[in-house]
Structures are given as C-alpha cells and as structure tokens.
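To start, the structure under review is shown below, and the notes come after it.
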Amino acid sequence: MSPKTNTKKKQSTAYSPAEVEDKILCRWLGAGYFHGRVDTAGEPYSIVIPPPNVTGVLHLGHALNNTIQDILIRRHRMEGFEAIWIPGVDHAGIATQVIVERQLVREGTTRREIGREKFHERTAGWAQRHKDIIIDQLKKMGCSCDWERTRFTFDEGLSKAVAEVFMHLYEKGWIYRGHRIVNWCPSCQTSLSDDEVEHEETDGHLWYIKYKLKGSDEFLTVATTRPETMLGDTGLAVSPKDRRFKKYVGKQVILPILEREIPIVADSFVDPEFGTGVVKVTPAHDPNDFEIGRRHDLPEINILNTDGSLNENAGKFKGLDRYEARKQLLDELRTKGLLEKTEKYQLSAGTCYRCHQVIEPYLSDQWFVKMSMMAAPAIEAVKSGKVRFHPEYWSKTYLHWMENIRDWCISRQLWWGHRIPIWYADDGTIFVSVDRPSAEDCPGYDPESLVQDEDVLDTWFSSWLWPFSTMGWPEKTPELKKFYPTKVLSTASEIIYLWVARMVMAGYEFMGEAPFSDVYIHGTLRDANGVRMSKSLGNGIDPLEIINKYGADALRMSLVLATPDGQDPLISKNTFEIGRNFVNKLHQVSRFVMIRLDGRPPVLDAVDDNDLVIFDRWILSRLERTIQTVEKGFCEYRLSSVAKILYNFVWNDYCSWYIELIKPDSPSVPIREGSLNVATYVLYNILRLLYPLVPFVTERIYLDLCGADYDSDKTLTFGPWPKTQGEHINDALELSLEQIQAVVTAVRAIRSELNVPPGRKSDLYIRTDDAEFGKLLESHIEYFRSLVRVENLHTGCDIRKPPVSASAVISGAEIFVPLEGLIDIELEKKRTEKELKNLTVQLEKISKKLANADFLANAPSEVIEREKGKKHDYRERIEKLNKNLEQILGW
C-alpha cells in the first residue's frame, strides 16, 4: 500500500496528452531512467535501433518499428534486466548527397565548384541538423533509448570500425577491384548493389531488328527491349542446339546504322524460345551478355556516359539522352526497312531504390567484396535456430538469398561517405591506408605523389557493422563485453538482404557470433486502398501530426493494434481514433476508481481472498489469465495479439463489466470496500501491463494513484512486471459469467434498438432446457436488475413468449422482453418506418457516389474509405431496423 494521500484531486476530468507527455518525458530524461550500466550484475538485454536515414523526418513506418522496439525494451526493463536500446542515425550516402547537391544548384553552384572539402563540411552540417530533428522526434514518440549512447555512422569511432573492416577483408583477399557490369543510376551517377535495385513490372515493347548477313541478301532478326544498346553490340548469339541457325555460326553480320561487322556465336545461355531465337550480344550493357562476351572473346564497347547520355561510341547519336537516342534510332531503322515489327511486352524494369529512375547495366571498374565464405556461418545460424525469424517464414527469404549470394559491389561514385582507403602510385601500385601513407608505408614512392581513390563506400558497409560498432568495436569496450550480442532486431522485410543478412555475416566474421538471436519482421504500412505508403505517392501520414492531435500513446496503441502479426496493415487517419478512445477510456476508469478511493491508500500488492464476491473472483481470474496470455504472446513475438488481448481486457472485462457490476446506482452510495480494493489492485496491474505500449498515460495515472507529483521518484519504468501462478484462475466461474454476460448483452441490444427509455423496468423471460443455467441466472437476479433494469426474472423449459415482446437467441436459450407499457407501439412503428426511409435515401446517394469513376479517381483515399464506411453502416442499420419492424408488425 502507498501512504495515505488525497488521490482524488490529482486527476483532471479530461485527459490532455499535450499537457502530460512533455512533462513525463522530461522526468524520464532528467532521472536517467533509460541509461544502461555496464557495472551491474543485472542480466543484459540490448537492442540497436535500425538507424533512420538522416535525410528527413520520420514516417509512419519508423513510428511502428520504434514502437515495437520500445515495447520490448520497456518490458524487459520492468522485468529487472539491465536493458539498453542504442539509438542512432545513418549518414545515407546517396540520398543525402542528392539533397545537398539540389540545394547547391538552387544557389547557382555545384559540388565540383566548391570542392570536396567544403562540400563535405556543408553536408556534415546539414546532416547534424537533421540528426537532431530525428532524435527529438524519437523522444516525442516515447522511445526509451539510451540517449547518452546515440551514434551516427559517421562518428569517429564508427568510421574507425569501417576502416578496420576494409583493411581486414582486403588483407584476406576478399576485397578486389573488378572490371564488371554493375547497376548504374544515371540520375545519382553511381553504382548500386543488386540489393539496392527495385524491380517494377512495366509495359514495354519488343522491337524486332534485322541484321544483314555479310555477303548475302539474308537477314537475321533479333528481338530487344532496349534497342539503343545495339550501338554497343559486338556479336549475335544462338543456341548450339537450335538447328535453324547452326549454319550461321562463325559468320558475320553487319550492325545496322554503324555498319560494323560482328560475329555470330553459339552459346548455351541462349533460349531458343525467346524472340526469334537469335539474341544480340552487348557485353558492356548487360550482365548476361558480359559473360557471353568473355566466353567468346568479344570486345566490350561502352556507349553510355555516366549521366545516361550516349558517348562517342554511339556515332551520330553522341550526346543524346538514352531515351531520345532510342526514339531517333527506331525512326532510322524504320526508314531503312530494318525494323521488322514491334510487340507489346511486359518487363521487369530495375530502378534505383533512392530516385526510382531506371538503372542501366554499365561496365566499369568497381570495388567488390567476396561474400560466399562469410555467408556459410550465417546460413548455418538460421538453419540451426541460433537466429530465429518471427514470423518464421521469413527465414526462407533469407536463406534463398544467402544460398545464391553474389559478390557485393561496395564502391560508390559519391563524395558523401566513408572514402575508400586505397591510394594509387603513378605506376598503379596500391597502398591501403585510412590516412596518406607515410614514407615507411610506401618505400620507394613519394607519399605526396599518391592519389586516394575518389569513390566512397556503400552506406551499408558501415550499417552492417552497427550491432558492434555502436558499442565501441574494434576496441574491447565494457559495452561490448556486457551487451553484445544484442537480443532482437525489429525491421521491415525489404531490408532482409540489404541489412539483416549482412549484419549476421559481419557478426560471425568480426565478433565470432551472431549479432542477435531473434529477428522480428513487421508488416509494411499501406493506405486505406491497400497501396504501400510512400512519400513520392503522397499517401503517407505524418506521425507528428497524429501525436499533436491525439498524443503519442494513441499513435503507438493504434499502430500495434492495426498491424496484424506478420501482415500488412491498412492505415488511415481514422485508425488513430482507436488509440485515442482507448487512452481516454483508461483515464476515465482510473479517475472513477480514484474518486471512489477518496484519498484512502490504494491496495496495489495483494487483495484479501476472504473478502471477495463472485464478480471480484471473476475479474481476478480474467486478470491472471490475461497476464499468462500476454506473457506467451511476448515470448512468441505476437505483439499485435498482445495489444488486442490487453485492449479487450481493459475495455470489456474491466470497464464494461466489472466496474459496471460493482458500481452502485447512486454516486452517493459507496462501493463495497472489498470490491473497491480489487478494482484498485486490478487497475495497478493494468497500468503495469500497458506501460510498455502506452507509457505516458500509464505513468501519469500511476503517479496519481500514488498521490505523487512529477518530481517524485515513483515510476513504472522498473516494474515490477506482473507475474502470476494462476492461483485465481477459475474456468467454471469464467464460463458462468460468460453466460450471464450473453443474456445482459442480448437484453441491452433489444432495449437499445427499440428505444426503451433507460429508466423503465421490465420483466425478463428466458426459455432454456438447462436447469443449471436457469439457477445460475436466478441466483444473480440483482445484477440483471442493476445492469438491464429487470424487475422479475422467469426461467424454465416451459416458458412461453409473452404477447407484444421482443426476442433474441443465445447459445442454449431464448430471451423474451415484454414491451407492453414500455414503449408506444404505434409511435415506434412510425419512427422506425421514417428512419428506414431516410436511411434508404442516404444509401442510394452514397452508392451512386461510390459508383462514380470521377469521384474514385480524384477523391483522397481517406475520403473514399470514409464513404465506404458510411455505406456499410447504412446497410447494417437498415437490416436491424427491418428486423425491428418485423417484430413490431407481428404484435
């Protein structure tokens, strides 16, 4: 029990998140509650945040993911773990550089004009400002991160880790320079790894181009989706098994327009069923053609500049954009009679994951990491269960990629990033060093003559080290000793390849063990129409807008409730009313309990089992069952299920049933002391169970319950987390109460639908063959009198339906409520008919609106969804009114 305090004065009538949340956040931060200590005996529990890109404000996906992590870390902190959640931000190479370069263009300059050093200074300043914004947003969401350990992928310590890893892999021979086909973004003007390319199904064409055989009037026709690349053709290829073209192998054809002679080769890669069975070979602009070219010693002719325009190898098309060159090339082929036909064709276009422009396969010199050796232990980790995915089916996605892994292109043609620690001498000799090599490091060479590689490392090259670089690696720090490996990683499915898999590989290579044991994959947020939320589509929702309107707790609770475990949720702004209403309900019920306590010390630790009535025992049974179910849900990473279990227990069991059952008819009549103690005890457990999900309101209510102010040292932060052996769980009692609830619910529905005045009493007739059920109901007549205004209760197997009565059917019984004298039958008939008429008109109007193509094409998705909801409500209401009218007409 807490000391005697006047708790009733502590809570205001209405709950104001804006007033409460900032004050609660300040007390948490001021007290240092979230800082994990390395010098305690507490069992460690650690999470590293997936670092958001520094390029902008957080979106709703960040809000969901960080809410999930915060729920997990807060719960374990309550359980007594020494818990840390390390926050941080990613420097986001391509995306950040693009933004700063656009700023420079608006100012009339470029990065090359201001130089690399000044560009880096400017970008670093921009990144720092936005990093601070992101950290403030995370705090406003209620994230209980260890803010003293905030990291940035460009921090000195993390940069040292990146350099250490590069040199380690280089010395092992796993980093190499390769002249290979890469994914090239002409807009960002940099290479991309395979995993940074997104594939979109798009409507394209197959153009059939005729190549004339040298010394003959015959032509071979080739089908292509990228006709401009023919300017870089250095051969044609056919399948060695294709008898149609066997006689042409070894001969030459004339490349249209450029009039270059190119050979015909036989290669087993060619699919005789595709197009005509003859394919063009462009080794510098297609990865498969590159391999064919190497097998047959074909020249590699690059026709593209880095910006996607054509270079001098394209002849008269030099300087044209790739798509303009395509148009002019096709026109000339058509004019010369060399374009046989054009067909529509569905193709998968690779696009840049940042700017979404179509990428080009491009032959260039890049740095690569050999991945196959590192993949082996990471594959075994998942197969053996050392690393577990939740839901489990995502492990198949992980394994499929890992078992088909390709070397990783790690160089990027950017200035913002970790510069590749490679130095070149005039004769091509390479030295590996973060700083300019000293004379001792490069004997026989002048250190000042060495030139550092211009490229930077892929952003993910720093991110894949995040679980241990954030704890001080490569130094042997107390944090690493205490908190590595971390426990769980929460993230979205789209970066299983880009990040999750690489972190597992890095963990085994540099730390000797996996960086985490569990990977929680949450759903991808979609709008009300099922379209993935995206800044570019303009269908996203700003989480700060929701926080300002409803509060952080409402945002958090709504997102977790709306995101089914392992599925993609459909989210609209209306979704957040669910959380808002729940938080308000919690505030209201706690206020009711504290008013009834009237300053008496609350019972928080235990209740007197000798002072319990049936409904006290029932709510204690439901509480302990809820605690057990919630515990199981957390262990299985079913967080949405946990939220729904708690929502239903609080809203239905506690507020709608238990509080209503113990509430006297008059506010002046006190609640039975034993029941008030139970209500308070259950409320305290509710606060502890809900604290990880809605920490602000639960902390505020807990302070009120204890009669404490904001400067008090009382907090739910360190628990204890509710535990139970289930000593109050009573299956038979819960079943009995379910039966009573079913009757009450049915009677309430009848009275509501037929507009029975709340204060008017009626008899209740229940026909049932179950004598025990009848006895149960009769023994609790007082509850029917208080909950549904029942005067007399009649049960039995021979009960007949009274005249002028409404009926309902529940499991094992029929219910009849006599209405004579309760309502004016004729007046109710007219009212029902009038309402039916009005609703029918509204339904017709809204149906026409939703059938209007212009409305569907132009109205915001949120408006369309709201109108659909209205249509559903109208239909449901009309159906109920028709049933009511049938009953009335039957009288």
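Every chain in the structure tokens takes a letter, A first, then B, and so on in the order presented; its residues are numbered from 1, and the ligands are numbered from 1 following the presented order.
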Just list as a PyMOL selection string whatever in segment 215-425 of chain A DSSP marks as strand (DSSP E or B). chain A and resi 219-224+235-238+252-254+261-266+278-281+304+309-310+321+339-352+358+360-369+388-390+408-409+411-412+419+422-424
Give the alpha helix (DSSP H) residues of segment 538-690 of chain A, as DSSP finds them on the backbone, and put them as a PyMOL selection string. chain A and resi 543-550+552-562+576-597+614-635+639-648+660-662+673-690
May I have the residues from that selection written out with C-alpha atoms, as a short mmCIF file (atom, residue, chain, number, x, y, z; two decimals), in the first residue's frame?
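Contents of the output file part_5.cif:
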data_model
loop_
_atom_site.label_atom_id
_atom_site.label_comp_id
_atom_site.auth_asym_id
_atom_site.auth_seq_id
_atom_site.Cartn_x
_atom_site.Cartn_y
_atom_site.Cartn_z
CA PRO A 543 3.30 10.63 -37.14
CA LEU A 544 3.94 14.04 -35.55
CA GLU A 545 0.60 15.24 -36.89
CA ILE A 546 -1.06 12.31 -35.12
CA ILE A 547 0.89 12.97 -31.92
CA ASN A 548 -0.11 16.64 -31.95
CA LYS A 549 -3.75 15.70 -32.43
CA TYR A 550 -4.16 12.55 -30.33
CA ALA A 552 2.00 9.58 -28.66
CA ASP A 553 0.18 6.86 -26.71
CA ALA A 554 -2.73 6.94 -29.16
CA LEU A 555 -0.29 6.70 -32.08
CA ARG A 556 1.53 3.74 -30.53
CA MET A 557 -1.52 1.77 -29.44
CA SER A 558 -3.30 2.31 -32.76
CA LEU A 559 -0.32 1.17 -34.83
CA VAL A 560 0.24 -2.02 -32.85
CA LEU A 561 -3.48 -2.85 -32.77
CA ALA A 562 -3.85 -2.20 -36.50
CA PHE A 576 -5.76 6.57 -34.66
CA GLU A 577 -9.13 7.27 -33.09
CA ILE A 578 -8.96 3.70 -31.76
CA GLY A 579 -5.90 4.50 -29.65
CA ARG A 580 -7.25 7.92 -28.69
CA ASN A 581 -10.50 6.38 -27.44
CA PHE A 582 -8.65 3.67 -25.54
CA VAL A 583 -6.38 6.14 -23.76
CA ASN A 584 -9.39 8.26 -22.81
CA LYS A 585 -11.22 5.18 -21.52
CA LEU A 586 -8.23 4.25 -19.35
CA HIS A 587 -8.07 7.76 -17.97
CA GLN A 588 -11.80 7.82 -17.21
CA VAL A 589 -11.90 4.48 -15.41
CA SER A 590 -8.84 5.34 -13.32
CA ARG A 591 -10.43 8.66 -12.40
CA PHE A 592 -13.58 6.81 -11.31
CA VAL A 593 -11.55 4.47 -9.08
CA MET A 594 -9.58 7.32 -7.51
CA ILE A 595 -12.68 9.39 -6.83
CA ARG A 596 -14.16 6.38 -5.05
CA LEU A 597 -10.94 5.87 -3.08
CA ILE A 614 -18.33 -13.68 -7.38
CA PHE A 615 -17.50 -10.77 -9.67
CA ASP A 616 -14.33 -9.99 -7.72
CA ARG A 617 -13.20 -13.57 -8.19
CA TRP A 618 -14.16 -13.38 -11.86
CA ILE A 619 -12.10 -10.26 -12.63
CA LEU A 620 -9.11 -11.70 -10.75
CA SER A 621 -9.41 -14.86 -12.81
CA ARG A 622 -9.60 -12.83 -16.02
CA LEU A 623 -6.62 -10.70 -14.91
CA GLU A 624 -4.38 -13.68 -14.24
CA ARG A 625 -5.42 -15.39 -17.47
CA THR A 626 -4.63 -12.15 -19.31
CA ILE A 627 -1.19 -11.94 -17.66
CA GLN A 628 -0.41 -15.50 -18.76
CA THR A 629 -1.68 -14.94 -22.32
CA VAL A 630 0.24 -11.68 -22.63
CA GLU A 631 3.42 -13.37 -21.40
CA LYS A 632 3.02 -16.10 -24.01
CA GLY A 633 2.37 -13.52 -26.74
CA PHE A 634 5.54 -11.61 -25.87
CA CYS A 635 7.63 -14.78 -25.88
CA LEU A 639 2.82 -8.02 -30.27
CA SER A 640 -0.40 -7.14 -32.07
CA SER A 641 -2.09 -10.07 -30.35
CA VAL A 642 -0.76 -8.81 -27.00
CA ALA A 643 -2.22 -5.36 -27.68
CA LYS A 644 -5.62 -6.82 -28.61
CA ILE A 645 -5.70 -9.03 -25.51
CA LEU A 646 -5.00 -6.04 -23.27
CA TYR A 647 -7.44 -3.81 -25.15
CA ASN A 648 -10.26 -6.35 -24.72
CA GLU A 660 -20.44 -1.57 -14.01
CA LEU A 661 -21.18 -4.56 -11.77
CA ILE A 662 -19.64 -3.04 -8.65
CA GLU A 673 -14.73 -1.99 0.22
CA GLY A 674 -13.55 -5.45 -0.85
CA SER A 675 -14.60 -4.78 -4.44
CA LEU A 676 -13.01 -1.31 -4.46
CA ASN A 677 -9.76 -2.90 -3.28
CA VAL A 678 -9.99 -5.42 -6.13
CA ALA A 679 -10.75 -2.66 -8.64
CA THR A 680 -7.68 -0.73 -7.48
CA TYR A 681 -5.44 -3.80 -7.48
CA VAL A 682 -6.56 -4.75 -11.00
CA LEU A 683 -6.10 -1.16 -12.20
CA TYR A 684 -2.49 -1.17 -10.92
CA ASN A 685 -1.82 -4.40 -12.82
CA ILE A 686 -3.43 -2.93 -15.92
CA LEU A 687 -1.10 0.06 -15.71
CA ARG A 688 1.95 -2.21 -15.48
CA LEU A 689 0.78 -4.43 -18.36
CA LEU A 690 0.03 -1.44 -20.57
#
Select from segment 687-741 of chain A every residue with an atom at most 12 Å from any atom of segment 48-72 of chain A, then for each give the shortest pair of atoms and their distance in Å to one decimal, using only C-alpha atoms, rows by chain and rising number, as JSON lines.
{"residue": "A:Leu689", "atom": "CA", "partner": "A:Ile71", "partner_atom": "CA", "distance": 10.6}
{"residue": "A:Leu690", "atom": "CA", "partner": "A:Ile71", "partner_atom": "CA", "distance": 9.4}
{"residue": "A:Tyr691", "atom": "CA", "partner": "A:Ile71", "partner_atom": "CA", "distance": 8.3}
{"residue": "A:Pro692", "atom": "CA", "partner": "A:Ile71", "partner_atom": "CA", "distance": 4.5}
{"residue": "A:Leu693", "atom": "CA", "partner": "A:Ile71", "partner_atom": "CA", "distance": 5.6}
{"residue": "A:Val694", "atom": "CA", "partner": "A:Ile71", "partner_atom": "CA", "distance": 8.8}
{"residue": "A:Pro695", "atom": "CA", "partner": "A:Ile71", "partner_atom": "CA", "distance": 9.1}
{"residue": "A:Thr717", "atom": "CA", "partner": "A:Ile71", "partner_atom": "CA", "distance": 11.6}
Residues from the last selection, N, CA and C atoms, saved as a PDB file, in the first residue's frame:
ATOM      1  N   LEU A 689       0.849  -3.666 -17.109  1.00  0.00           N
ATOM      2  CA  LEU A 689       0.778  -4.426 -18.358  1.00  0.00           C
ATOM      3  C   LEU A 689       0.786  -3.504 -19.576  1.00  0.00           C
ATOM      4  N   LEU A 690       0.151  -2.359 -19.433  1.00  0.00           N
ATOM      5  CA  LEU A 690       0.029  -1.441 -20.566  1.00  0.00           C
ATOM      6  C   LEU A 690       1.222  -0.495 -20.695  1.00  0.00           C
ATOM      7  N   TYR A 691       2.006  -0.355 -19.650  1.00  0.00           N
ATOM      8  CA  TYR A 691       3.088   0.628 -19.644  1.00  0.00           C
ATOM      9  C   TYR A 691       4.009   0.512 -20.867  1.00  0.00           C
ATOM     10  N   PRO A 692       4.444  -0.675 -21.304  1.00  0.00           N
ATOM     11  CA  PRO A 692       5.307  -0.725 -22.497  1.00  0.00           C
ATOM     12  C   PRO A 692       4.628  -0.187 -23.749  1.00  0.00           C
ATOM     13  N   LEU A 693       3.290  -0.313 -23.831  1.00  0.00           N
ATOM     14  CA  LEU A 693       2.568   0.121 -25.027  1.00  0.00           C
ATOM     15  C   LEU A 693       2.193   1.591 -24.962  1.00  0.00           C
ATOM     16  N   VAL A 694       1.664   2.040 -23.812  1.00  0.00           N
ATOM     17  CA  VAL A 694       1.221   3.432 -23.669  1.00  0.00           C
ATOM     18  C   VAL A 694       1.877   4.012 -22.409  1.00  0.00           C
ATOM     19  N   PRO A 695       3.147   4.318 -22.466  1.00  0.00           N
ATOM     20  CA  PRO A 695       3.897   4.659 -21.254  1.00  0.00           C
ATOM     21  C   PRO A 695       3.527   5.994 -20.626  1.00  0.00           C
ATOM     22  N   THR A 717       8.833   2.499 -14.666  1.00  0.00           N
ATOM     23  CA  THR A 717       9.938   2.136 -15.554  1.00  0.00           C
ATOM     24  C   THR A 717      10.597   0.817 -15.161  1.00  0.00           C
TER      25      THR A 717
END
Residues of segment 450-534 of chain A that approach segment 422-432 of chain A to 7 Å or less, counting only C-alpha atoms: could you list each one with the shortest pair of atoms and its distance in Å to one decimal, rows by chain and increasing residue number, as JSON lines?
{"residue": "A:Leu450", "atom": "CA", "partner": "A:Ala425", "partner_atom": "CA", "distance": 5.0}
{"residue": "A:Val451", "atom": "CA", "partner": "A:Tyr424", "partner_atom": "CA", "distance": 5.2}
{"residue": "A:Gln452", "atom": "CA", "partner": "A:Trp423", "partner_atom": "CA", "distance": 4.3}
{"residue": "A:Asp453", "atom": "CA", "partner": "A:Ile422", "partner_atom": "CA", "distance": 5.6}
All residues 9 Å or closer to segment 501-516 of chain A, only C-alpha atoms, same chain fewer than 4 positions away omitted, as a ChimeraX atom specification: /A:47,165,371,374-379,381,386-387,398,401-402,460-461,463-468,474,484-489,495-497
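Distances from A:Arg877, A:His285, A:Lys23, A:Arg789 to Tyr362 of chain A were compared using only C-alpha atoms, and the smallest one belongs to A:His285.
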Please identify all polymer residues within 12 Å of Trp126 of chain A, counting only C-alpha atoms, omitting same-chain residues fewer than 2 positions from it, and present them as a list in words.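 The neighbour list is Val54, Thr55, Gly56, His91, Thr96, Gln97, Ile99, Val100, Glu101, Gln103, Phe119, His120, Glu121, Arg122, Thr123, Ala124, Gln128, Arg129, His130, Lys131, Asp132, Ile133 and Trp416 of chain A.
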Excluding segment 331-335 of chain A and any residue of its chain fewer than 6 positions from it, enumerate the residues within 10 Å of it, using only C-alpha atoms, and give them as a ChimeraX atom specification. /A:209-210,256-257,325,341
Okay, now the selection with all heavy atoms, as a tab-separated table (two decimals), in the first residue's frame?
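And here is the file that came out, again.tsv:
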chain	number	residue	atom	x	y	z
A	209	ILE	N	14.62	-6.25	-84.83
A	209	ILE	CA	15.56	-5.53	-85.70
A	209	ILE	C	16.28	-6.53	-86.61
A	209	ILE	O	16.72	-7.60	-86.17
A	209	ILE	CB	16.58	-4.75	-84.84
A	209	ILE	CG1	15.84	-3.76	-83.92
A	209	ILE	CG2	17.58	-4.01	-85.72
A	209	ILE	CD1	16.75	-3.11	-82.89
A	210	LYS	N	16.43	-6.15	-87.89
A	210	LYS	CA	17.05	-7.03	-88.89
A	210	LYS	C	18.54	-6.71	-89.05
A	210	LYS	O	18.91	-5.56	-89.25
A	210	LYS	CB	16.33	-6.86	-90.22
A	210	LYS	CG	14.86	-7.28	-90.17
A	210	LYS	CD	14.05	-6.72	-91.33
A	210	LYS	CE	14.47	-7.35	-92.65
A	210	LYS	NZ	13.59	-6.85	-93.77
A	256	PRO	N	23.41	-2.76	-88.01
A	256	PRO	CA	22.68	-1.65	-88.65
A	256	PRO	C	23.15	-0.29	-88.18
A	256	PRO	O	23.58	-0.11	-87.03
A	256	PRO	CB	21.23	-1.91	-88.21
A	256	PRO	CG	21.17	-3.37	-87.93
A	256	PRO	CD	22.51	-3.73	-87.36
A	257	ILE	N	23.13	0.66	-89.11
A	257	ILE	CA	23.43	2.08	-88.90
A	257	ILE	C	24.94	2.31	-88.74
A	257	ILE	O	25.52	3.11	-89.47
A	257	ILE	CB	22.66	2.68	-87.71
A	257	ILE	CG1	21.14	2.57	-87.99
A	257	ILE	CG2	23.07	4.14	-87.45
A	257	ILE	CD1	20.26	3.07	-86.87
A	325	ALA	N	17.73	9.00	-77.85
A	325	ALA	CA	18.50	8.20	-78.81
A	325	ALA	C	17.68	7.00	-79.28
A	325	ALA	O	17.70	6.65	-80.47
A	325	ALA	CB	19.80	7.73	-78.15
A	341	LYS	N	9.10	-5.51	-86.87
A	341	LYS	CA	7.81	-5.34	-86.19
A	341	LYS	C	8.06	-4.91	-84.74
A	341	LYS	O	9.18	-4.95	-84.24
A	341	LYS	CB	7.00	-6.62	-86.22
A	341	LYS	CG	7.64	-7.80	-85.48
A	341	LYS	CD	6.74	-9.03	-85.52
A	341	LYS	CE	7.40	-10.21	-84.81
A	341	LYS	NZ	6.52	-11.40	-84.76
Pairwise distance, atom CA of Pro240 of chain A with atom CA of Ile181 of chain A, equals 25.1 Å
Pick the closest to His728 of chain A from A:Val519, A:Val650, A:Ala708, A:Leu612: which is it, counting only C-alpha atoms?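 Ranked by minimum distance to His728 of chain A, first place goes to A:Leu612.
Interatomic distance, atom CA of Ile301 of chain A against atom CA of Leu363 of chain A: 8.8 Å.
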So which residues touch Lys318 of chain A within 10 Å, counting only C-alpha atoms, skipping near sequence neighbours fewer than 4 positions away, as a VMD selection string? chain A and resid 303 to 305 309 to 314 322 325
Can you write out the residues you just picked, keeping N, CA, C and O atoms, as a PDB file, in the first residue's frame?
ATOM      1  N   ILE A 303      28.707   2.493 -74.585  1.00  0.00           N
ATOM      2  CA  ILE A 303      28.124   3.578 -75.391  1.00  0.00           C
ATOM      3  C   ILE A 303      27.518   4.685 -74.519  1.00  0.00           C
ATOM      4  O   ILE A 303      26.966   5.650 -75.043  1.00  0.00           O
ATOM      5  N   LEU A 304      27.603   4.539 -73.188  1.00  0.00           N
ATOM      6  CA  LEU A 304      26.932   5.487 -72.300  1.00  0.00           C
ATOM      7  C   LEU A 304      27.914   6.342 -71.504  1.00  0.00           C
ATOM      8  O   LEU A 304      28.963   5.859 -71.076  1.00  0.00           O
ATOM      9  N   ASN A 305      27.519   7.590 -71.312  1.00  0.00           N
ATOM     10  CA  ASN A 305      28.177   8.435 -70.320  1.00  0.00           C
ATOM     11  C   ASN A 305      27.540   8.159 -68.958  1.00  0.00           C
ATOM     12  O   ASN A 305      26.479   7.525 -68.869  1.00  0.00           O
ATOM     13  N   SER A 309      23.511   9.748 -71.026  1.00  0.00           N
ATOM     14  CA  SER A 309      23.580  10.181 -72.426  1.00  0.00           C
ATOM     15  C   SER A 309      24.552   9.282 -73.173  1.00  0.00           C
ATOM     16  O   SER A 309      25.356   8.562 -72.564  1.00  0.00           O
ATOM     17  N   LEU A 310      24.504   9.324 -74.515  1.00  0.00           N
ATOM     18  CA  LEU A 310      25.352   8.448 -75.321  1.00  0.00           C
ATOM     19  C   LEU A 310      26.700   9.115 -75.601  1.00  0.00           C
ATOM     20  O   LEU A 310      26.773  10.332 -75.791  1.00  0.00           O
ATOM     21  N   ASN A 311      27.758   8.291 -75.638  1.00  0.00           N
ATOM     22  CA  ASN A 311      29.107   8.827 -75.846  1.00  0.00           C
ATOM     23  C   ASN A 311      29.542   8.669 -77.299  1.00  0.00           C
ATOM     24  O   ASN A 311      28.746   8.302 -78.173  1.00  0.00           O
ATOM     25  N   GLU A 312      30.830   8.923 -77.550  1.00  0.00           N
ATOM     26  CA  GLU A 312      31.358   8.917 -78.920  1.00  0.00           C
ATOM     27  C   GLU A 312      31.241   7.559 -79.604  1.00  0.00           C
ATOM     28  O   GLU A 312      31.226   7.467 -80.848  1.00  0.00           O
ATOM     29  N   ASN A 313      31.136   6.469 -78.836  1.00  0.00           N
ATOM     30  CA  ASN A 313      30.998   5.140 -79.449  1.00  0.00           C
ATOM     31  C   ASN A 313      29.638   4.934 -80.102  1.00  0.00           C
ATOM     32  O   ASN A 313      29.423   3.950 -80.808  1.00  0.00           O
ATOM     33  N   ALA A 314      28.706   5.869 -79.858  1.00  0.00           N
ATOM     34  CA  ALA A 314      27.363   5.759 -80.418  1.00  0.00           C
ATOM     35  C   ALA A 314      27.233   6.503 -81.740  1.00  0.00           C
ATOM     36  O   ALA A 314      26.118   6.641 -82.275  1.00  0.00           O
ATOM     37  N   ARG A 322      19.480   8.783 -73.422  1.00  0.00           N
ATOM     38  CA  ARG A 322      19.259   7.393 -73.852  1.00  0.00           C
ATOM     39  C   ARG A 322      17.882   7.188 -74.483  1.00  0.00           C
ATOM     40  O   ARG A 322      17.736   6.426 -75.449  1.00  0.00           O
ATOM     41  N   ALA A 325      17.733   8.999 -77.849  1.00  0.00           N
ATOM     42  CA  ALA A 325      18.505   8.198 -78.809  1.00  0.00           C
ATOM     43  C   ALA A 325      17.679   7.001 -79.277  1.00  0.00           C
ATOM     44  O   ALA A 325      17.703   6.653 -80.466  1.00  0.00           O
TER      45      ALA A 325
END
Long-range neighbours of Tyr45 of chain A as a PyMOL selection string, 8 Å cut-off, only C-alpha atoms, 6 positions minimum in chain: chain A and resi 73+76+81-84+483+486-487
Measuring atom to atom with only C-alpha atoms, identify which of A:Ile262, A:Gly36, A:Lys723, A:Val278 is nearest to Lys246 of chain A.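 Comparing A:Ile262, A:Gly36, A:Lys723, A:Val278 against Lys246 of chain A, the winner is A:Val278.
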What gap, in Å, lies between atom CA of Thr524 of chain A and atom CA of Asp568 of chain A?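 Computing the Euclidean distance for atom CA of Thr524 of chain A and atom CA of Asp568 of chain A yields 4.9 Å.
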